[in-house]
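**Q** So here's structure_0.pdb (PDB, C-alpha atoms).
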```
ATOM      1  CA  MET A   1     -16.408  23.055  36.307
ATOM      2  CA  LYS A   2     -12.815  22.931  35.124
ATOM      3  CA  ALA A   3     -12.283  21.014  31.904
ATOM      4  CA  ALA A   4      -9.342  20.095  29.695
ATOM      5  CA  VAL A   5      -9.087  18.727  26.180
ATOM      6  CA  ILE A   6      -6.188  16.439  25.277
ATOM      7  CA  VAL A   7      -4.581  17.345  21.950
ATOM      8  CA  PHE A   8      -2.706  14.755  19.904
ATOM      9  CA  PRO A   9      -1.003  15.318  16.584
ATOM     10  CA  GLY A  10      -3.882  14.549  14.243
ATOM     11  CA  SER A  11      -6.707  15.582  16.576
ATOM     12  CA  ASN A  12      -9.205  17.667  14.603
ATOM     13  CA  CYS A  13     -12.231  18.040  16.866
ATOM     14  CA  ASP A  14     -10.304  19.503  19.784
ATOM     15  CA  ARG A  15     -11.417  23.082  19.172
ATOM     16  CA  ASP A  16     -15.091  22.139  18.832
ATOM     17  CA  MET A  17     -14.791  20.230  22.104
ATOM     18  CA  GLU A  18     -13.054  23.177  23.742
ATOM     19  CA  VAL A  19     -15.869  25.531  22.685
ATOM     20  CA  ALA A  20     -18.613  23.155  23.897
ATOM     21  CA  LEU A  21     -16.903  22.614  27.266
ATOM     22  CA  THR A  22     -16.103  26.303  27.710
ATOM     23  CA  GLU A  23     -19.688  27.273  27.058
ATOM     24  CA  ALA A  24     -21.056  24.651  29.465
ATOM     25  CA  ALA A  25     -18.521  25.359  32.195
ATOM     26  CA  GLY A  26     -18.608  29.131  32.003
ATOM     27  CA  GLN A  27     -14.821  29.192  32.156
ATOM     28  CA  PRO A  28     -12.237  28.471  29.462
ATOM     29  CA  ALA A  29     -11.486  24.808  28.872
ATOM     30  CA  LEU A  30      -7.746  24.103  28.835
ATOM     31  CA  ARG A  31      -5.865  22.400  26.026
ATOM     32  CA  VAL A  32      -3.289  19.838  27.100
ATOM     33  CA  TRP A  33      -0.616  18.609  24.695
ATOM     34  CA  HIS A  34      -0.151  14.838  24.616
ATOM     35  CA  LYS A  35       3.560  15.087  25.457
ATOM     36  CA  ASP A  36       2.806  16.635  28.839
ATOM     37  CA  SER A  37       3.116  14.021  31.541
ATOM     38  CA  GLU A  38       0.841  15.693  34.107
ATOM     39  CA  LEU A  39      -2.683  17.052  33.874
ATOM     40  CA  PRO A  40      -3.322  20.549  35.263
ATOM     41  CA  GLU A  41      -4.406  20.661  38.924
ATOM     42  CA  GLY A  42      -8.041  20.749  39.949
ATOM     43  CA  LEU A  43      -9.673  19.349  36.825
ATOM     44  CA  ASP A  44     -13.225  17.992  36.906
ATOM     45  CA  VAL A  45     -13.434  16.749  33.309
ATOM     46  CA  VAL A  46     -10.943  15.499  30.740
ATOM     47  CA  ALA A  47     -12.106  15.168  27.145
ATOM     48  CA  ILE A  48     -10.368  13.167  24.452
ATOM     49  CA  PRO A  49     -11.463  14.591  21.123
ATOM     50  CA  GLY A  50     -12.096  13.170  17.687
ATOM     51  CA  GLY A  51      -9.609  13.102  14.846
ATOM     52  CA  PHE A  52      -6.864  10.824  13.686
ATOM     53  CA  SER A  53      -4.283  10.713  16.479
ATOM     54  CA  PHE A  54      -0.886   9.824  15.012
ATOM     55  CA  GLY A  55      -2.589   9.201  11.677
ATOM     56  CA  ASP A  56      -4.355   6.218  13.255
ATOM     57  CA  TYR A  57      -1.284   4.208  12.258
ATOM     58  CA  LEU A  58      -1.162   0.617  13.526
ATOM     59  CA  ARG A  59      -4.751   0.816  14.862
ATOM     60  CA  CYS A  60      -7.086   3.735  15.530
ATOM     61  CA  GLY A  61      -6.112   5.351  18.807
ATOM     62  CA  ALA A  62      -3.392   2.799  19.557
ATOM     63  CA  ILE A  63      -0.429   5.142  19.545
ATOM     64  CA  GLY A  64      -2.373   8.002  21.123
ATOM     65  CA  ALA A  65      -3.291   5.687  23.986
ATOM     66  CA  ARG A  66       0.444   5.213  24.723
ATOM     67  CA  SER A  67       1.208   8.955  24.804
ATOM     68  CA  PRO A  68       2.782  10.329  28.013
ATOM     69  CA  ILE A  69      -0.375  12.219  29.062
ATOM     70  CA  MET A  70      -2.498   9.085  29.022
ATOM     71  CA  ASN A  71      -0.862   7.713  32.188
ATOM     72  CA  SER A  72      -2.142  10.800  33.968
ATOM     73  CA  VAL A  73      -5.569  10.450  32.367
ATOM     74  CA  VAL A  74      -5.799   6.847  33.593
ATOM     75  CA  LYS A  75      -4.826   7.948  37.130
ATOM     76  CA  PHE A  76      -7.347  10.805  36.936
ATOM     77  CA  ALA A  77     -10.039   8.308  35.908
ATOM     78  CA  GLU A  78      -9.063   5.933  38.713
ATOM     79  CA  ARG A  79      -9.519   8.795  41.207
ATOM     80  CA  GLY A  80     -13.091   9.162  39.946
ATOM     81  CA  GLY A  81     -12.470  11.987  37.479
ATOM     82  CA  LEU A  82     -14.891  12.467  34.599
ATOM     83  CA  VAL A  83     -13.528  11.397  31.210
ATOM     84  CA  LEU A  84     -15.320  11.873  27.890
ATOM     85  CA  GLY A  85     -13.968  10.247  24.738
ATOM     86  CA  VAL A  86     -15.628  11.079  21.432
ATOM     87  CA  CYS A  87     -14.924   9.204  18.194
ATOM     88  CA  ASN A  88     -11.129   8.831  18.079
ATOM     89  CA  GLY A  89     -11.310   9.586  21.813
ATOM     90  CA  PHE A  90     -13.541   6.509  22.292
ATOM     91  CA  GLN A  91     -11.008   4.450  20.337
ATOM     92  CA  VAL A  92      -8.215   5.789  22.566
ATOM     93  CA  LEU A  93     -10.185   4.876  25.721
ATOM     94  CA  THR A  94     -10.689   1.285  24.574
ATOM     95  CA  GLU A  95      -6.995   1.054  23.666
ATOM     96  CA  THR A  96      -6.019   2.191  27.187
ATOM     97  CA  GLY A  97      -8.373  -0.383  28.690
ATOM     98  CA  LEU A  98     -10.461   2.254  30.495
ATOM     99  CA  LEU A  99     -13.455   1.007  28.514
ATOM    100  CA  PRO A 100     -14.036  -2.583  27.337
ATOM    101  CA  GLY A 101     -14.248  -3.782  23.745
ATOM    102  CA  ALA A 102     -12.824  -2.366  20.532
ATOM    103  CA  LEU A 103     -13.888  -0.331  17.500
ATOM    104  CA  MET A 104     -13.525  -2.251  14.249
ATOM    105  CA  MET A 105     -13.798  -1.053  10.679
ATOM    106  CA  ASN A 106     -17.371  -0.177   9.677
ATOM    107  CA  ALA A 107     -19.243  -3.200   8.378
ATOM    108  CA  GLY A 108     -19.908  -1.302   5.128
ATOM    109  CA  LEU A 109     -16.148  -0.608   4.750
ATOM    110  CA  LYS A 110     -16.870   3.077   4.093
ATOM    111  CA  PHE A 111     -16.244   6.251   6.058
ATOM    112  CA  VAL A 112     -19.663   7.390   7.280
ATOM    113  CA  CYS A 113     -20.212  11.128   7.786
ATOM    114  CA  ARG A 114     -23.826  12.099   8.476
ATOM    115  CA  ASP A 115     -26.337  12.793  11.203
ATOM    116  CA  VAL A 116     -27.638   9.740  13.036
ATOM    117  CA  HIS A 117     -30.320   9.276  15.658
ATOM    118  CA  LEU A 118     -29.488   7.944  19.079
ATOM    119  CA  ARG A 119     -31.674   6.591  21.821
ATOM    120  CA  VAL A 120     -30.622   7.699  25.299
ATOM    121  CA  GLU A 121     -30.528   4.341  27.040
ATOM    122  CA  THR A 122     -29.786   5.629  30.518
ATOM    123  CA  THR A 123     -29.987   8.974  32.267
ATOM    124  CA  GLU A 124     -28.132   7.526  35.247
ATOM    125  CA  SER A 125     -24.781   9.055  34.360
ATOM    126  CA  PRO A 126     -23.010  12.389  34.683
ATOM    127  CA  PHE A 127     -23.164  12.719  30.889
ATOM    128  CA  THR A 128     -26.827  11.923  30.241
ATOM    129  CA  SER A 129     -28.692  13.162  33.323
ATOM    130  CA  ALA A 130     -30.140  16.170  31.474
ATOM    131  CA  TYR A 131     -31.713  13.993  28.750
ATOM    132  CA  GLY A 132     -35.036  12.214  29.003
ATOM    133  CA  ASN A 133     -34.803   8.437  29.391
ATOM    134  CA  GLY A 134     -35.561   6.714  26.094
ATOM    135  CA  GLY A 135     -35.452  10.061  24.317
ATOM    136  CA  VAL A 136     -34.116  10.302  20.786
ATOM    137  CA  ILE A 137     -31.432  12.816  19.838
ATOM    138  CA  ARG A 138     -29.761  13.704  16.548
ATOM    139  CA  VAL A 139     -25.975  14.087  16.350
ATOM    140  CA  PRO A 140     -23.457  13.443  13.575
ATOM    141  CA  VAL A 141     -21.040  10.574  13.161
ATOM    142  CA  ALA A 142     -17.848  10.815  11.108
ATOM    143  CA  HIS A 143     -15.755   7.680  11.257
ATOM    144  CA  HIS A 144     -14.368   4.675   9.444
ATOM    145  CA  GLU A 145     -13.840   2.520  12.532
ATOM    146  CA  GLY A 146     -16.922   2.738  14.717
ATOM    147  CA  ASN A 147     -18.094  -0.842  14.644
ATOM    148  CA  TYR A 148     -18.184  -1.645  18.358
ATOM    149  CA  ILE A 149     -17.363  -5.201  19.329
ATOM    150  CA  THR A 150     -16.910  -7.017  22.598
ATOM    151  CA  ASP A 151     -17.350 -10.580  23.841
ATOM    152  CA  ASP A 152     -20.798 -11.871  24.816
ATOM    153  CA  GLU A 153     -19.898 -11.930  28.479
ATOM    154  CA  THR A 154     -18.907  -8.241  28.507
ATOM    155  CA  LEU A 155     -22.021  -7.332  26.526
ATOM    156  CA  ALA A 156     -24.137  -9.050  29.184
ATOM    157  CA  VAL A 157     -22.305  -7.077  31.889
ATOM    158  CA  LEU A 158     -22.823  -3.782  30.011
ATOM    159  CA  ARG A 159     -26.523  -4.546  29.738
ATOM    160  CA  GLY A 160     -26.876  -5.843  33.291
ATOM    161  CA  GLU A 161     -25.150  -2.806  34.783
ATOM    162  CA  ASP A 162     -27.067  -0.346  32.565
ATOM    163  CA  ARG A 163     -23.805   0.866  31.029
ATOM    164  CA  ILE A 164     -24.952   1.269  27.431
ATOM    165  CA  ALA A 165     -25.430   5.048  27.226
ATOM    166  CA  PHE A 166     -26.566   5.479  23.616
ATOM    167  CA  THR A 167     -27.735   3.163  20.817
ATOM    168  CA  TYR A 168     -28.319   3.942  17.151
ATOM    169  CA  CYS A 169     -31.983   4.040  16.180
ATOM    170  CA  GLN A 170     -34.467   5.379  13.660
ATOM    171  CA  PRO A 171     -35.725   8.978  14.013
ATOM    172  CA  ASP A 172     -38.823   7.656  15.822
ATOM    173  CA  GLY A 173     -36.691   5.630  18.233
ATOM    174  CA  SER A 174     -37.434   2.266  16.648
ATOM    175  CA  HIS A 175     -34.792  -0.332  15.805
ATOM    176  CA  GLY A 176     -32.513   0.440  12.839
ATOM    177  CA  GLY A 177     -30.260   3.207  11.637
ATOM    178  CA  ASN A 178     -27.032   1.521  12.724
ATOM    179  CA  PRO A 179     -24.399   3.207  10.496
ATOM    180  CA  ASN A 180     -21.455   0.893  11.152
ATOM    181  CA  GLY A 181     -22.595  -2.580  12.192
ATOM    182  CA  ALA A 182     -21.876  -2.016  15.887
ATOM    183  CA  MET A 183     -22.853  -4.893  18.153
ATOM    184  CA  ALA A 184     -26.272  -4.347  19.776
ATOM    185  CA  ASP A 185     -26.424  -0.948  17.985
ATOM    186  CA  ILE A 186     -24.036   0.421  20.606
ATOM    187  CA  ALA A 187     -23.002   4.044  20.046
ATOM    188  CA  GLY A 188     -21.629   4.804  23.513
ATOM    189  CA  ILE A 189     -20.775   3.014  26.752
ATOM    190  CA  LEU A 190     -19.965   3.872  30.369
ATOM    191  CA  SER A 191     -17.255   2.625  32.736
ATOM    192  CA  PRO A 192     -18.211   0.588  35.833
ATOM    193  CA  ASN A 193     -18.229   3.766  38.000
ATOM    194  CA  ARG A 194     -20.262   5.532  35.231
ATOM    195  CA  ARG A 195     -17.789   8.444  35.154
ATOM    196  CA  ILE A 196     -16.136   7.562  31.833
ATOM    197  CA  LEU A 197     -18.155   7.789  28.611
ATOM    198  CA  GLY A 198     -16.907   6.716  25.196
ATOM    199  CA  MET A 199     -19.090   7.388  22.165
ATOM    200  CA  MET A 200     -18.623   7.453  18.400
ATOM    201  CA  PRO A 201     -21.104  10.263  17.565
ATOM    202  CA  HIS A 202     -20.055  13.889  18.059
ATOM    203  CA  PRO A 203     -22.215  15.815  20.578
ATOM    204  CA  GLU A 204     -19.858  18.807  20.310
ATOM    205  CA  ARG A 205     -20.744  19.189  16.627
ATOM    206  CA  LEU A 206     -24.403  19.867  17.385
ATOM    207  CA  SER A 207     -24.190  21.950  20.532
ATOM    208  CA  ASP A 208     -25.031  25.369  19.102
ATOM    209  CA  SER A 209     -28.031  26.398  17.021
ATOM    210  CA  ALA A 210     -25.630  28.036  14.542
ATOM    211  CA  LEU A 211     -24.365  24.503  13.791
ATOM    212  CA  GLY A 212     -27.852  23.237  12.947
ATOM    213  CA  GLY A 213     -28.867  21.652  16.226
ATOM    214  CA  THR A 214     -28.394  21.608  19.972
ATOM    215  CA  ASP A 215     -29.072  17.978  20.888
ATOM    216  CA  GLY A 216     -25.426  17.554  21.859
ATOM    217  CA  LYS A 217     -25.503  20.455  24.258
ATOM    218  CA  LEU A 218     -27.409  18.626  26.984
ATOM    219  CA  LEU A 219     -24.512  16.216  27.368
ATOM    220  CA  PHE A 220     -22.238  19.061  28.384
ATOM    221  CA  ARG A 221     -24.955  20.605  30.532
ATOM    222  CA  SER A 222     -25.374  17.263  32.319
ATOM    223  CA  LEU A 223     -21.744  17.510  33.434
ATOM    224  CA  LEU A 224     -22.456  20.794  35.216
ATOM    225  CA  ASP A 225     -24.927  19.119  37.543
ATOM    226  CA  THR A 226     -22.468  16.409  38.547
ATOM    227  CA  PRO A 227     -20.981  16.580  42.032
ATOM    228  CA  VAL A 228     -17.205  16.648  42.169
ATOM    229  CA  PRO A 229     -15.720  13.547  43.839
ATOM    230  CA  ALA A 230     -14.292  14.058  47.301
TER     231      ALA A 230
ATOM    232  CA  MET B   1      18.272  -9.784  14.689
ATOM    233  CA  LYS B   2      15.292  -9.830  12.356
ATOM    234  CA  ALA B   3      11.834 -10.894  13.325
ATOM    235  CA  ARG B   4       8.336 -10.981  11.984
ATOM    236  CA  VAL B   5       5.199 -10.415  13.981
ATOM    237  CA  PHE B   6       1.899 -11.636  12.564
ATOM    238  CA  VAL B   7      -1.201  -9.965  13.953
ATOM    239  CA  THR B   8      -4.512 -11.584  13.099
ATOM    240  CA  LEU B   9      -8.110 -11.200  14.193
ATOM    241  CA  LYS B  10      -9.332 -13.688  16.759
ATOM    242  CA  ASN B  11     -11.786 -16.343  15.693
ATOM    243  CA  GLY B  12     -15.325 -15.058  15.877
ATOM    244  CA  VAL B  13     -14.354 -11.431  15.300
ATOM    245  CA  LEU B  14     -16.108 -10.222  12.176
ATOM    246  CA  ASP B  15     -13.634  -9.198   9.469
ATOM    247  CA  PRO B  16     -15.345  -6.896   6.928
ATOM    248  CA  GLN B  17     -12.111  -6.478   4.954
ATOM    249  CA  GLY B  18     -11.667 -10.220   4.658
ATOM    250  CA  GLN B  19     -15.263 -10.555   3.482
ATOM    251  CA  ALA B  20     -14.740  -7.862   0.846
ATOM    252  CA  ILE B  21     -11.639  -9.690  -0.408
ATOM    253  CA  ALA B  22     -13.578 -12.966  -0.546
ATOM    254  CA  HIS B  23     -16.318 -11.300  -2.606
ATOM    255  CA  ALA B  24     -13.754  -9.758  -4.960
ATOM    256  CA  LEU B  25     -12.069 -13.131  -5.468
ATOM    257  CA  GLY B  26     -15.438 -14.687  -6.224
ATOM    258  CA  SER B  27     -16.272 -12.030  -8.790
ATOM    259  CA  LEU B  28     -12.884 -12.633 -10.468
ATOM    260  CA  GLY B  29     -13.916 -16.228 -10.987
ATOM    261  CA  PHE B  30     -11.918 -17.869  -8.204
ATOM    262  CA  ASP B  31     -14.367 -20.475  -7.030
ATOM    263  CA  GLY B  32     -14.181 -22.435  -3.819
ATOM    264  CA  VAL B  33     -12.959 -19.627  -1.574
ATOM    265  CA  ASN B  34     -14.556 -20.562   1.746
ATOM    266  CA  ASP B  35     -13.299 -17.756   3.914
ATOM    267  CA  VAL B  36     -10.749 -14.915   3.926
ATOM    268  CA  ARG B  37      -9.258 -13.331   7.023
ATOM    269  CA  GLN B  38      -6.950 -10.345   6.711
ATOM    270  CA  GLY B  39      -4.190  -9.524   9.164
ATOM    271  CA  LYS B  40      -0.896  -7.686   9.194
ATOM    272  CA  MET B  41       2.751  -8.634   9.257
ATOM    273  CA  ILE B  42       5.279  -6.373  10.958
ATOM    274  CA  GLU B  43       9.011  -6.759  10.289
ATOM    275  CA  ILE B  44      11.272  -5.711  13.130
ATOM    276  CA  ASP B  45      15.047  -5.453  13.241
ATOM    277  CA  LEU B  46      16.161  -5.448  16.874
ATOM    278  CA  ASP B  47      19.206  -5.941  19.079
ATOM    279  CA  ALA B  48      18.924  -8.988  21.319
ATOM    280  CA  ALA B  49      21.368 -11.305  23.125
ATOM    281  CA  ASP B  50      19.788 -14.438  21.694
ATOM    282  CA  LYS B  51      16.624 -15.792  20.178
ATOM    283  CA  ALA B  52      14.907 -16.340  23.524
ATOM    284  CA  ALA B  53      15.615 -12.772  24.604
ATOM    285  CA  ALA B  54      14.295 -11.484  21.289
ATOM    286  CA  GLU B  55      11.107 -13.509  21.673
ATOM    287  CA  GLU B  56      10.594 -12.175  25.173
ATOM    288  CA  THR B  57      11.010  -8.565  24.023
ATOM    289  CA  LEU B  58       8.741  -9.104  21.031
ATOM    290  CA  SER B  59       6.028 -10.628  23.225
ATOM    291  CA  ALA B  60       6.148  -7.559  25.445
ATOM    292  CA  MET B  61       5.915  -5.342  22.345
ATOM    293  CA  CYS B  62       2.849  -7.252  21.181
ATOM    294  CA  GLU B  63       1.129  -7.070  24.556
ATOM    295  CA  LYS B  64       1.839  -3.359  24.974
ATOM    296  CA  LEU B  65       1.347  -2.013  21.468
ATOM    297  CA  LEU B  66       1.522  -4.186  18.380
ATOM    298  CA  ALA B  67      -1.654  -6.187  18.987
ATOM    299  CA  ASN B  68      -4.951  -5.275  20.592
ATOM    300  CA  THR B  69      -5.461  -8.505  22.486
ATOM    301  CA  VAL B  70      -9.169  -7.755  22.902
ATOM    302  CA  ILE B  71      -9.690  -8.619  19.232
ATOM    303  CA  GLU B  72      -6.329  -9.816  17.891
ATOM    304  CA  ASN B  73      -3.906 -12.706  18.267
ATOM    305  CA  TYR B  74      -0.212 -12.478  17.510
ATOM    306  CA  ARG B  75       2.504 -14.880  16.463
ATOM    307  CA  ILE B  76       6.230 -14.187  16.573
ATOM    308  CA  GLU B  77       8.831 -15.534  14.186
ATOM    309  CA  VAL B  78      12.517 -14.789  14.878
ATOM    310  CA  LEU B  79      14.438 -15.270  11.642
TER     311      LEU B  79
END
```
Could you write out this file's structure as structure tokens?
**A**
Amino acid sequence: MKAAVIVFPGSNCDRDMEVALTEAAGQPALRVWHKDSELPEGLDVVAIPGGFSFGDYLRCGAIGARSPIMNSVVKFAERGGLVLGVCNGFQVLTETGLLPGALMMNAGLKFVCRDVHLRVETTESPFTSAYGNGGVIRVPVAHHEGNYITDDETLAVLRGEDRIAFTYCQPDGSHGGNPNGAMADIAGILSPNRRILGMMPHPERLSDSALGGTDGKLLFRSLLDTPVPA
Amino acid sequence: MKARVFVTLKNGVLDPQGQAIAHALGSLGFDGVNDVRQGKMIEIDLDAADKAAAEETLSAMCEKLLANTVIENYRIEVL
């Protein structure tokens, strides 16, 4: 599996992502600067990391989404490439239109930085296949704008097509524990072809026992089992 | 040519900042505040042949960058 991490000025989770992808893939993940206009050849996965691209000026992820490299990322996604956006990366993916909806300021108006529990809502995706359906995992969030919103029609489509990947929940999997007011407790969603995942929580931050947990690791391991598109 | 672009949240989109402002106004004793919605105003100085051309360029700017039309509306004012 050949993976690359996009680096914007203001990205700050790019190295964690690089380590998690490198470990899962068994070969070094590449780092791609946002000013590059082309992705390296032969990639299987592109990750857009967390942070504050361009200081999150104007709107979170808005300016990052218009960086030169993003045209190539959109084309890569349209060819069926795997794209993972975490935190600011999720915001960038909604700003490019690769994923529906938007991330608004947290309902509590505060930056939230703590572990949360997530229910794995579907294992039918290249990112979640190694998890148990309905299982509960613990990963951290660290964001000020993670309050997912979309229109009712799109929400119905996301539900109908089983494209809600993760929802916030209590440690026992019951309703609650939503840290930001996100609609329908949504923490992560999939694209129509299920090969793009955007999520606010950080699986790369709990993907090594030295970091205090490994619940995030299975996401990267799931990618290994995914066939490469023809 | 100078212009102003007003970017505001669409109706129905929850505005936590606006709600916080409304609460603060209430606690300062300003009664009768029914609702507060916060947006942003962007001032732009641009070269354009005439007002219509400026409006066309500004609309394109809004669609491509200045507004997220999933959640925001925009209004253009050429001064």
**Q** Please determine, counting only C-alpha atoms, which residue among A:Val116, A:Leu21, A:Ala62, A:Ala182 has the shortest atom-to-atom distance to A:Val5.
**A**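 Ranked by minimum distance to A:Val5, first place goes to A:Leu21.
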**Q** Could you check the closest approach to chain B for each of A:Gly188, A:Gly181, A:Gly132, A:Gly173 and tell me which residue wins, using all atoms listed in the file?
**A** A:Gly181
**Q** Enumerate as a PyMOL selection string the residues belonging to chain B that approach chain A to within 10 Å, with all atoms listed in the file taken into account.
**A** chain B and resi 12-17+19-20+40+42+64-71
**Q** Applying 7 Å and all atoms listed in the file, which residues near B:Val78 remain after dropping the ones on its own chain fewer than 2 positions away? List them as a JSON list (two decimals) with C-alpha atoms, keeping the file's coordinate frame.
**A**
```
[["chain", "number", "residue", "atom", "x", "y", "z"],
["B", 2, "LYS", "CA", 15.29, -9.83, 12.36],
["B", 3, "ALA", "CA", 11.83, -10.89, 13.32],
["B", 4, "ARG", "CA", 8.34, -10.98, 11.98],
["B", 51, "LYS", "CA", 16.62, -15.79, 20.18],
["B", 76, "ILE", "CA", 6.23, -14.19, 16.57]]
```
**Q** Which value, in Å to one decimal, gives the distance between atom CA of A:Ala77 and atom CA of A:Ser207?
**A** 25.0 Å
**Q** Provide the atom CA of B:Phe6 to atom CA of A:Ser67 distance in Å, to one decimal place.
**A**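 One can read the atom CA of B:Phe6 to atom CA of A:Ser67 distance as 24.0 Å.
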**Q** Please return, as a ChimeraX atom specification, all polymer residues that have at least one atom within 12 Å of the point (-16.0, 29.1, 21.0); use all atoms listed in the file and the file's own coordinate frame.
**A** /A:14-24,26-29,204-205,207-208,210-211
**Q** On this structure, which residues satisfy the PyMOL selection byres ((chain A and resi 202) around 7), written as a list in words?
**A**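 For this structure, the PyMOL selection byres ((chain A and resi 202) around 7) resolves to Val86, Cys87, Val139, Pro140, Val141, Met200, Pro201, Pro203, Glu204 and Arg205 of chain A.
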**Q** Can you work out which one of A:Asn180, A:Thr128, A:Thr123, A:Asn12 has the shortest atom-to-atom distance to A:Asn88, counting only C-alpha atoms?
**A**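 Closest to A:Asn88, using only C-alpha atoms: A:Asn12.
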**Q** Ranking B:Met61, B:Glu77, B:Gly18, B:Gly26 by minimum distance to B:Gln38 and counting all atoms listed in the file, which one comes first?
**A**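 Of the candidates, the smallest distance to B:Gln38 is held by B:Gly18.
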**Q** Written as a ChimeraX atom specification, what is the full residue list that the PyMOL selection byres ((chain A and resi 33-39) around 12) yields on the file shown?
**A** /A:2-11,14,30-32,40-49,53-54,63-77,81
**Q** Within 6 Å of (-4.2, -13.3, 14.2) (coordinates as in the file), grab all the protein and nucleic acid residues, counting all atoms listed in the file, and write them out as a list in words.
**A**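 Residues found, by chain and rising number: Val7, Thr8, Leu9, Lys10, Glu72, Asn73 and Tyr74 of chain B.
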**Q** Box for stretch 11-29 of chain B: with edges along x, y and z, all listed atoms inside and 3 Å added on each side, what are the centre and edge lengths in Å to one decimal, as JSON?
**A**
```
{"center_x": -14.0, "center_y": -11.4, "center_z": 2.4, "size_x": 10.7, "size_y": 15.9, "size_z": 32.9}
```
**Q** Using atom CA of B:Val5 and atom CA of B:Cys62 as the two end points, give the distance in Å to one decimal.
**A**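 Interatomic distance, atom CA of B:Val5 to atom CA of B:Cys62: 8.2 Å.
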**Q** My list of candidates is A:Ser129, A:Gly51, A:Leu98, A:Met183. Which is closest to A:Phe220 when distances are computed with all atoms listed in the file?
**A** A:Ser129
**Q** Any chance you could work out the residue set of the PyMOL selection byres ((chain A and resi 169) around 10) here, as a PyMOL selection string?
**A** chain A and resi 116-120+136-138+166-168+170-179+185-187
**Q** Could you check which of A:Leu84, A:Leu206, A:Ile189, A:Leu219 is closest to A:Arg163, using all atoms listed in the file?
**A**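 That would be A:Ile189, the residue with the smallest distance to A:Arg163.
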**Q** Working from the structure I just supplied, which lacks atoms in stretch 59-73 of chain A, can you model N, CA and C atoms there and output them as a short mmCIF file (atom, residue, chain, number, x, y, z; two decimals), keeping the file's coordinate frame?
**A**
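Writing done, so here's part.cif:
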```cif
data_model
loop_
_atom_site.label_atom_id
_atom_site.label_comp_id
_atom_site.auth_asym_id
_atom_site.auth_seq_id
_atom_site.Cartn_x
_atom_site.Cartn_y
_atom_site.Cartn_z
N ARG A 59 -3.30 0.95 14.66
CA ARG A 59 -4.75 0.82 14.86
C ARG A 59 -5.25 2.18 15.32
N CYS A 60 -6.55 2.44 15.11
CA CYS A 60 -7.09 3.74 15.53
C CYS A 60 -6.89 3.93 17.03
N GLY A 61 -6.25 5.03 17.39
CA GLY A 61 -6.11 5.35 18.81
C GLY A 61 -5.00 4.62 19.53
N ALA A 62 -4.36 3.66 18.86
CA ALA A 62 -3.39 2.80 19.56
C ALA A 62 -2.17 3.58 20.03
N ILE A 63 -1.66 4.43 19.18
CA ILE A 63 -0.43 5.14 19.55
C ILE A 63 -0.77 6.31 20.47
N GLY A 64 -1.91 6.96 20.22
CA GLY A 64 -2.37 8.00 21.12
C GLY A 64 -2.54 7.49 22.54
N ALA A 65 -3.05 6.27 22.66
CA ALA A 65 -3.29 5.69 23.99
C ALA A 65 -2.00 5.47 24.76
N ARG A 66 -0.86 5.42 24.05
CA ARG A 66 0.44 5.21 24.72
C ARG A 66 1.21 6.52 24.87
N SER A 67 0.57 7.65 24.62
CA SER A 67 1.21 8.96 24.80
C SER A 67 1.44 9.22 26.28
N PRO A 68 2.47 10.06 26.60
CA PRO A 68 2.78 10.33 28.01
C PRO A 68 1.57 10.79 28.83
N ILE A 69 0.72 11.65 28.27
CA ILE A 69 -0.38 12.22 29.06
C ILE A 69 -1.38 11.15 29.48
N MET A 70 -1.45 10.05 28.73
CA MET A 70 -2.50 9.09 29.02
C MET A 70 -2.31 8.38 30.36
N ASN A 71 -1.05 8.27 30.85
CA ASN A 71 -0.86 7.71 32.19
C ASN A 71 -1.58 8.56 33.22
N SER A 72 -1.48 9.89 33.04
CA SER A 72 -2.14 10.80 33.97
C SER A 72 -3.65 10.73 33.83
N VAL A 73 -4.12 10.54 32.58
CA VAL A 73 -5.57 10.45 32.37
C VAL A 73 -6.11 9.19 33.04
#
```
